[in-house]
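Everything on this sheet refers to the single structure shown next.
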Amino acid sequence: MIPLDELITAMEADVLARGSRHIFDGFAHDSRIVSPGECFVAVRGLRGDGHDYVAEAADQGASAVVIARARRASIEAREPGLFERLERLGVSVLAVDDTRAALKRYAAHMLHLWRPIVIAVTGGVGKTTTKEAIADVLSVQAPTFRSWRNYNDLLGLPLSLGRLEPAHRYAVLELGADHPGEIAELCAMIRPQVGVVTNDALTQMQYFDDLDHYYAELASLPAALPADGYAVLNGDPTQRTYKMAEKTAAQVRMFCPFDDYEHSAAYRASHPLAVRYRIIAPDVSDDLNVPYLVLAHEDDETQQVAFPNLLGGYWAEVVLAALTVGVTLGVDERAALERLQALRPLPGRMRKLVGVDGLTLLDDSHNATVASVAQGLLTLEQYAACHKPRLPQIVVLGDILRLGAYEQTAYNEIGRSVAKWASFLVTRGSGAEAIAKSAIAHGMSPESVAITHTAEDAAQAVREVVAEKKTETGETAVVYIKGSEEMRMEQVTALLMAHPEEAATELDRQTQSWRRVVVMRPDRPTWLEIDLSAIGANTRQIKSLVGQDVTVLVSMKADAYGHGALRVARTVLNNGAGWLGVATLSEAQPLRAAGVSAPILVFGYLPPWQARDAVRLDLRATIYELASARALAEAAREQGTQARVHVKIDTGMARLGIRWEDIPAIVSFFREVHTLDGLLVEGVFTHFATADSADQTYARRQLDRFHQVLAALDAAGLRPPITHAANSAATLTLPEARFDLVRPGIAIYGLAPSGDVPLPEGFRPALAFKTQVAQVKEIPAGEGISYGATYITTQPTRIAVLPVGYADGFRRGPANWGEVLVRGKRAPILGRVCMDQCMVDVSHIPGVEQGDEVVLIGRQGDDELTADEVAARLGTIAYEVVAELLARVPRLS
């Protein structure tokens with residue numbers, strides 16, 4: 001609860017309006033999920049600003065709003081009359097110097113006012129679960145507050161404390177750290193009496209220079225405790241947590257998560273009662289895989305306790321930490337153990353779920369570190385081993401992020417563990433591909449590994465694995481699902497659940513805001529968002545259109561039309577495509593290097609000196625003259641294999657290929673290449689010049705010419721097994737041109753071949769191009785903007801500088817983009833586009849600030865800038881627009 005008067009006092013707020021309600025239920029900072037009776041705090045984040053959504057929060061039922069004083073004018077300019085409307089609605093409006101700082105002052109103020117005993121929990125992994133377990137135990141004795149979910153930083157913790165009430169005797173708060181000094185700052189705000197360090201497992205390592213700095217950060221919690229407080233530490237001697245006892249003035253209580261009594265006894269000799277509990281036999285029973293712990297008290301009395309809702313030995317740390325805190329603070333030991341025996345995993349934290357097709361799902365998708373993955377794999381092994389016959393173990397892993405300099409080592413170790421414990425591996429994401437490579441290097445069969453980039457493809461890979469694995473008990477396999485928060489691996493779990501309607505209660509990140517959010521951290525403030533799910537769906541639609549008897553070859557030219565070749569290749573091959581097409585050998589090389597084994601056809605010119613590499617990489621080469629054919633045949637003989645080639649016929653495009661008119665010469669060419677030892681003529685094809693036109697006359701003329709060539713080859717017995725002609729436009733409009741294989745390109749990416757050939761319903765664009773406002777400034781009349789001062793302001797003009805330029809593919813001339821979207825409105829480009837920057841006019845758009853998202857291609861608010869619209873402004877086609885987006889622009893998917 002939040003008393004209005006205390007809020008005003010603690011936040012040092014100006015009261016712009018005093019509403020009808022004087023106590024609020026809690027804080028909210030996301031306008032999408034504000035509940036009636038809450039206080040909305042407008043917070044500026046890395047990618048958005050709550051001040052832009054004050055009206056939306058009020059419409060959702062917020063009873064109070066807190067804004068920054070400096071933003072009052074811009075809010076009023078953006079929404080004239082808003083504050084008067086809020087006052088009429090009875091909404092309190094407070095203005096403060098800084099909303100984040102005000103939240104921290106409020107949290108400290110209320111903790112001091114109501115004086116609960118504060119128990120702070122930190123550590124590498126298991127913080128949230130331990131916090132929940134401690135709160136469960138303490139609630140046996142008295143009303144206990146617990147911070148919400150993993151709201152554990154300098155913003156989340158104060159937001160959580162909006163639910164604190166004066167009746168709470170205890171407040172159990174989780175502390176995280178993603179930069180040095182954060183735990184100390186949190187401790188200064190909450191002033192804990194009890195501090196718990198769960199373990200020293202590595203996490204957030206990209207923010208710490210080395211391990212010593214990371215351990216020092218964790219140790220800052222016990223160091224902040226008062227002399228009459230308690231430091232509850234993991235006594236495992238293989239970790240550094242037990243050494244933190246030397247850094248605290250508080251009384252020490254240790255728990256030992258395994259039988260290392262020599263260490264604990266030695267410590268006890270110099271620190272009486274320091275070690276409260278230890279485990280002498282953590283294990284997993286054979287009875288339904290129920291874990292139990294054999295607890296040893298400080299007097300060596302033992303006690304066996306089962307935990308029917310939990311899986312795996314890693315729960316030992318959680319249970320012992322909670323038990324130690326509870327007994328230390330006066331909770332009856334028996335009551336504490338009874339409460340812990342009812343403990344159930346939080347969503348996304350080793351939660352056992354019923355899956356489709358007889359699967360058992362171990363959903364551990366909340367987040368991931370190296371240590372938590374290792375423990376999860378061990379739990380998977382224990383679970384599978386308890387079943388007769390033994391269940392196959394399928395591991396589904398997304399990228400493991402925030403590893404810093406330890407990334408490669410970590411991925412290698414995870415791959416080694418997967419090879420040891422798992423039957424099958426499915427990866428999702430670019431980083432996780434390194435895990436797949438490591439698993440194969442450590443002995444896992446490549447046939448037991450599936451590499452994917454979308455939740456749909458990962459789930460489908462699992463279902464394909466278990467298609468014939470059902471056991472007598474009805475269970476087919478046990479599936480362990482894990483990945484960093486950004487990977488949203490709960491989406492994979494949802495697709496594999498037997499009862500998807502239970503997702504709202506069983507899975508993590510199921511609130512309305514999470515369902516609409518994609519967590520992304522681009523390498524620079526200009527980026528592409530690639531919807532691989534759209535690419536997969538578009539591929540499936542093409543495959544459905546052409547039928548099972550026609551192979552789909554997806555064109556990957558120009559880095560998959562600017563969408564990122566490797567991720568697109570994985571996705572289309574997982575969704576019905578059988579072949580890939582590239583323009584050059586250099587485009588094929590990284591695909592083969594990444595392990596893509598599907599047939600790849602090189603459409604363009606392969607000079608004789610590339611023949612050896614083409615054969616070595618098992619590429620299909622396009623030929624149309626004998627020199628290339630002979631070079632390929634020779635290279636194949638040298639390598640003891642065959643070079644597969646496709647002969648191109650020029651039926652009216654006037655590009656590469658043998659001209660169609662001299663049919664006897666074409667037949668003669670085929671006879672000649674058939675005699676070349678080492679050469680296998682696999683295909684014959686042509687390409688349409690006007691299939692994307694409303695008038696199909698010329699395209700049908702080309703098709704007729706191609707049929708004449710095919711008839712001659714049939715008559716001579718020389719026609720290859722694969723015939724193809726159809727690009728995206730022909731695939732959609734000329735069914736008779738589909739033959740054995742189609743070669744869609746632009747349609748796969750959700751873009752229409754032309755205005756005359758729109759895409760059928762259901763195709764979705766896969767690319768959005770975005771940047772951020774770098775600076776906003778006022779330019780007086782009569783001033784030039786950008787190089788050459790080609791644009792002179794005629795009146796005072798408010799401009800936004802954007803960190804995007806022609807070196808990103810954002811065209812300078814002869815025409816430029818024309819305009820972009822800022823806050824859902826069109827902002828015209830002023831002056832020349834620079835190599836890395838450009839300027840736009842935002843005089844007519846209220847409230848534009850540094851950090852605002854700017855859309856260059858895509859939708860924002862009610863407006864949309866499409867690639868086709870941009871192409872029309874540039875005097876080109878959408879193909880060129882997306883293909884010119886350069887590699888230095890990060891691709892996020």
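By convention here, the chains of the structure tokens are called A, B, ... in the order presented, each chain's residues are numbered starting at 1, and ligands are numbered starting at 1 in the order presented.
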Find the spatial neighbours of Arg71 (chain A), counting only C-alpha atoms, within a cut-off of 12 Å - ignore same-chain residues fewer than 3 positions away - and output them as a PDB file with N, CA and C atoms, in the first residue's frame.
```
ATOM      1  N   ALA A  42       6.280   7.381 -14.164  1.00  0.00           N
ATOM      2  CA  ALA A  42       6.826   7.511 -15.515  1.00  0.00           C
ATOM      3  C   ALA A  42       8.349   7.429 -15.441  1.00  0.00           C
ATOM      4  N   VAL A  43       8.883   6.350 -15.958  1.00  0.00           N
ATOM      5  CA  VAL A  43      10.319   6.101 -15.894  1.00  0.00           C
ATOM      6  C   VAL A  43      10.883   6.067 -17.308  1.00  0.00           C
ATOM      7  N   ARG A  44      12.002   6.702 -17.494  1.00  0.00           N
ATOM      8  CA  ARG A  44      12.679   6.653 -18.788  1.00  0.00           C
ATOM      9  C   ARG A  44      13.603   5.444 -18.806  1.00  0.00           C
ATOM     10  N   ASP A  49      10.078   5.694 -22.846  1.00  0.00           N
ATOM     11  CA  ASP A  49       9.910   6.662 -21.780  1.00  0.00           C
ATOM     12  C   ASP A  49       8.466   6.660 -21.327  1.00  0.00           C
ATOM     13  N   GLY A  50       8.251   6.358 -20.040  1.00  0.00           N
ATOM     14  CA  GLY A  50       6.904   6.313 -19.499  1.00  0.00           C
ATOM     15  C   GLY A  50       6.167   7.630 -19.560  1.00  0.00           C
ATOM     16  N   HIS A  51       6.891   8.745 -19.689  1.00  0.00           N
ATOM     17  CA  HIS A  51       6.223  10.047 -19.797  1.00  0.00           C
ATOM     18  C   HIS A  51       5.383  10.147 -21.066  1.00  0.00           C
ATOM     19  N   ASP A  52       5.682   9.302 -22.047  1.00  0.00           N
ATOM     20  CA  ASP A  52       4.899   9.313 -23.286  1.00  0.00           C
ATOM     21  C   ASP A  52       3.573   8.561 -23.129  1.00  0.00           C
ATOM     22  N   VAL A  54       1.494   8.595 -20.121  1.00  0.00           N
ATOM     23  CA  VAL A  54       0.731   8.991 -18.937  1.00  0.00           C
ATOM     24  C   VAL A  54      -0.771   8.878 -19.202  1.00  0.00           C
ATOM     25  N   VAL A  66       3.208   9.838 -11.301  1.00  0.00           N
ATOM     26  CA  VAL A  66       4.389  10.573 -10.864  1.00  0.00           C
ATOM     27  C   VAL A  66       5.230  10.856 -12.096  1.00  0.00           C
ATOM     28  N   ILE A  67       5.555  12.121 -12.319  1.00  0.00           N
ATOM     29  CA  ILE A  67       6.338  12.505 -13.496  1.00  0.00           C
ATOM     30  C   ILE A  67       7.542  13.325 -13.055  1.00  0.00           C
ATOM     31  N   ALA A  68       8.489  13.493 -13.974  1.00  0.00           N
ATOM     32  CA  ALA A  68       9.627  14.374 -13.731  1.00  0.00           C
ATOM     33  C   ALA A  68       9.215  15.815 -14.009  1.00  0.00           C
ATOM     34  N   SER A  74       6.646  19.160 -21.884  1.00  0.00           N
ATOM     35  CA  SER A  74       6.563  18.333 -23.093  1.00  0.00           C
ATOM     36  C   SER A  74       5.325  17.450 -23.073  1.00  0.00           C
ATOM     37  N   ILE A  75       4.909  17.005 -21.884  1.00  0.00           N
ATOM     38  CA  ILE A  75       3.681  16.213 -21.795  1.00  0.00           C
ATOM     39  C   ILE A  75       2.475  17.068 -22.168  1.00  0.00           C
ATOM     40  N   GLU A  76       2.461  18.278 -21.658  1.00  0.00           N
ATOM     41  CA  GLU A  76       1.344  19.181 -21.974  1.00  0.00           C
ATOM     42  C   GLU A  76       1.334  19.543 -23.455  1.00  0.00           C
ATOM     43  N   ALA A  77       2.546  19.699 -24.055  1.00  0.00           N
ATOM     44  CA  ALA A  77       2.606  20.028 -25.484  1.00  0.00           C
ATOM     45  C   ALA A  77       2.119  18.852 -26.321  1.00  0.00           C
ATOM     46  N   ARG A  78       2.455  17.662 -25.875  1.00  0.00           N
ATOM     47  CA  ARG A  78       2.063  16.467 -26.635  1.00  0.00           C
ATOM     48  C   ARG A  78       0.578  16.174 -26.474  1.00  0.00           C
ATOM     49  N   LEU A  94       1.808  14.008  -9.315  1.00  0.00           N
ATOM     50  CA  LEU A  94       2.958  14.486  -8.557  1.00  0.00           C
ATOM     51  C   LEU A  94       4.132  14.706  -9.496  1.00  0.00           C
ATOM     52  N   ALA A  95       4.897  15.760  -9.253  1.00  0.00           N
ATOM     53  CA  ALA A  95       6.093  16.043 -10.049  1.00  0.00           C
ATOM     54  C   ALA A  95       7.306  16.010  -9.135  1.00  0.00           C
ATOM     55  N   VAL A  96       8.352  15.323  -9.580  1.00  0.00           N
ATOM     56  CA  VAL A  96       9.573  15.159  -8.775  1.00  0.00           C
ATOM     57  C   VAL A  96      10.783  15.496  -9.625  1.00  0.00           C
ATOM     58  N   ASP A  97      11.942  15.574  -8.960  1.00  0.00           N
ATOM     59  CA  ASP A  97      13.146  15.898  -9.712  1.00  0.00           C
ATOM     60  C   ASP A  97      13.525  14.786 -10.675  1.00  0.00           C
ATOM     61  N   ASP A  98      13.513  13.567 -10.202  1.00  0.00           N
ATOM     62  CA  ASP A  98      13.882  12.397 -11.008  1.00  0.00           C
ATOM     63  C   ASP A  98      13.067  11.223 -10.494  1.00  0.00           C
ATOM     64  N   THR A  99      12.321  10.569 -11.363  1.00  0.00           N
ATOM     65  CA  THR A  99      11.391   9.537 -10.893  1.00  0.00           C
ATOM     66  C   THR A  99      12.103   8.312 -10.324  1.00  0.00           C
ATOM     67  N   PRO A 846       5.455  16.886 -30.998  1.00  0.00           N
ATOM     68  CA  PRO A 846       5.770  17.282 -29.622  1.00  0.00           C
ATOM     69  C   PRO A 846       6.553  16.204 -28.871  1.00  0.00           C
ATOM     70  N   GLY A 847       7.423  16.661 -27.983  1.00  0.00           N
ATOM     71  CA  GLY A 847       8.045  15.764 -27.011  1.00  0.00           C
ATOM     72  C   GLY A 847       9.147  14.873 -27.505  1.00  0.00           C
ATOM     73  N   VAL A 848       9.682  15.092 -28.709  1.00  0.00           N
ATOM     74  CA  VAL A 848      10.751  14.218 -29.218  1.00  0.00           C
ATOM     75  C   VAL A 848      11.994  14.412 -28.354  1.00  0.00           C
ATOM     76  N   GLU A 849      12.608  13.288 -27.948  1.00  0.00           N
ATOM     77  CA  GLU A 849      13.764  13.337 -27.064  1.00  0.00           C
ATOM     78  C   GLU A 849      14.831  12.359 -27.533  1.00  0.00           C
TER      79      GLU A 849
END
```
Identify, on the basis of only C-alpha atoms, every residue whose closest approach to Ile535 (chain A) does not exceed 9 Å; exclude the query and any residue fewer than 5 positions from it along the same chain; express the result as a ChimeraX atom specification. /A:530,540,568,571-572,575,748-750,763-766
For CA of Ile649 (chain A) and CA of Arg612 (chain A), determine how far apart the two atoms are, in Å to one decimal place. 24.3 Å
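Residue nearest Leu361 (chain A), chosen from A:Thr324, A:Val449, A:Glu185, A:Thr493 and counting only C-alpha atoms: A:Thr493.
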Could you pull out the strand (DSSP E) residues of region 85-311 of chain A from DSSP and send them as a count of residues only? 53
From a DSSP calculation on the backbone, collect every residue of region 430-536 of chain A in alpha helix (DSSP H) and output the set as an NGL selection string. :A and (433-441 or 455-465 or 490-496 or 503-506 or 512-515 or 532-536)
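Among A:Arg402, A:Arg344, A:Arg149, A:Arg339, the residue with the shortest atom-to-atom distance to Val305 (chain A), counting only C-alpha atoms, is A:Arg339.
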Polymer residues at most 9 Å from Glu317 (chain A), only C-alpha atoms, same-chain spacing of 2 or more positions, as a list of chain:residue names: A:Gly126, A:Thr130, A:Thr198, A:Asn199, A:Asn234, A:Phe255, A:Cys256, A:Pro257, A:Gly313, A:Tyr314, A:Trp315, A:Val319, A:Leu320, A:Ala321, A:Ala322
Selection near Leu233 (chain A), 12 Å with only C-alpha atoms, sequence-local residues under 3 positions removed, as a PyMOL selection string: chain A and resi 120-123+194-200+218-219+221-222+230+236-237+239-248+250-257+264+274-278+317-318+320-322+324-325
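Checking A:Ser754, A:Gln708, A:Ser92, A:Gln696 one by one against Ala867 (chain A), counting only C-alpha atoms, you find the shortest gap at A:Ser754.
If you measure from each of A:Arg416, A:Arg811, A:Arg570, A:Arg616 to Ala871 (chain A) using only C-alpha atoms, the closest one turns out to be A:Arg811.
Between CA of Trp527 (chain A) and CA of Asp153 (chain A) the separation is 27.2 Å.
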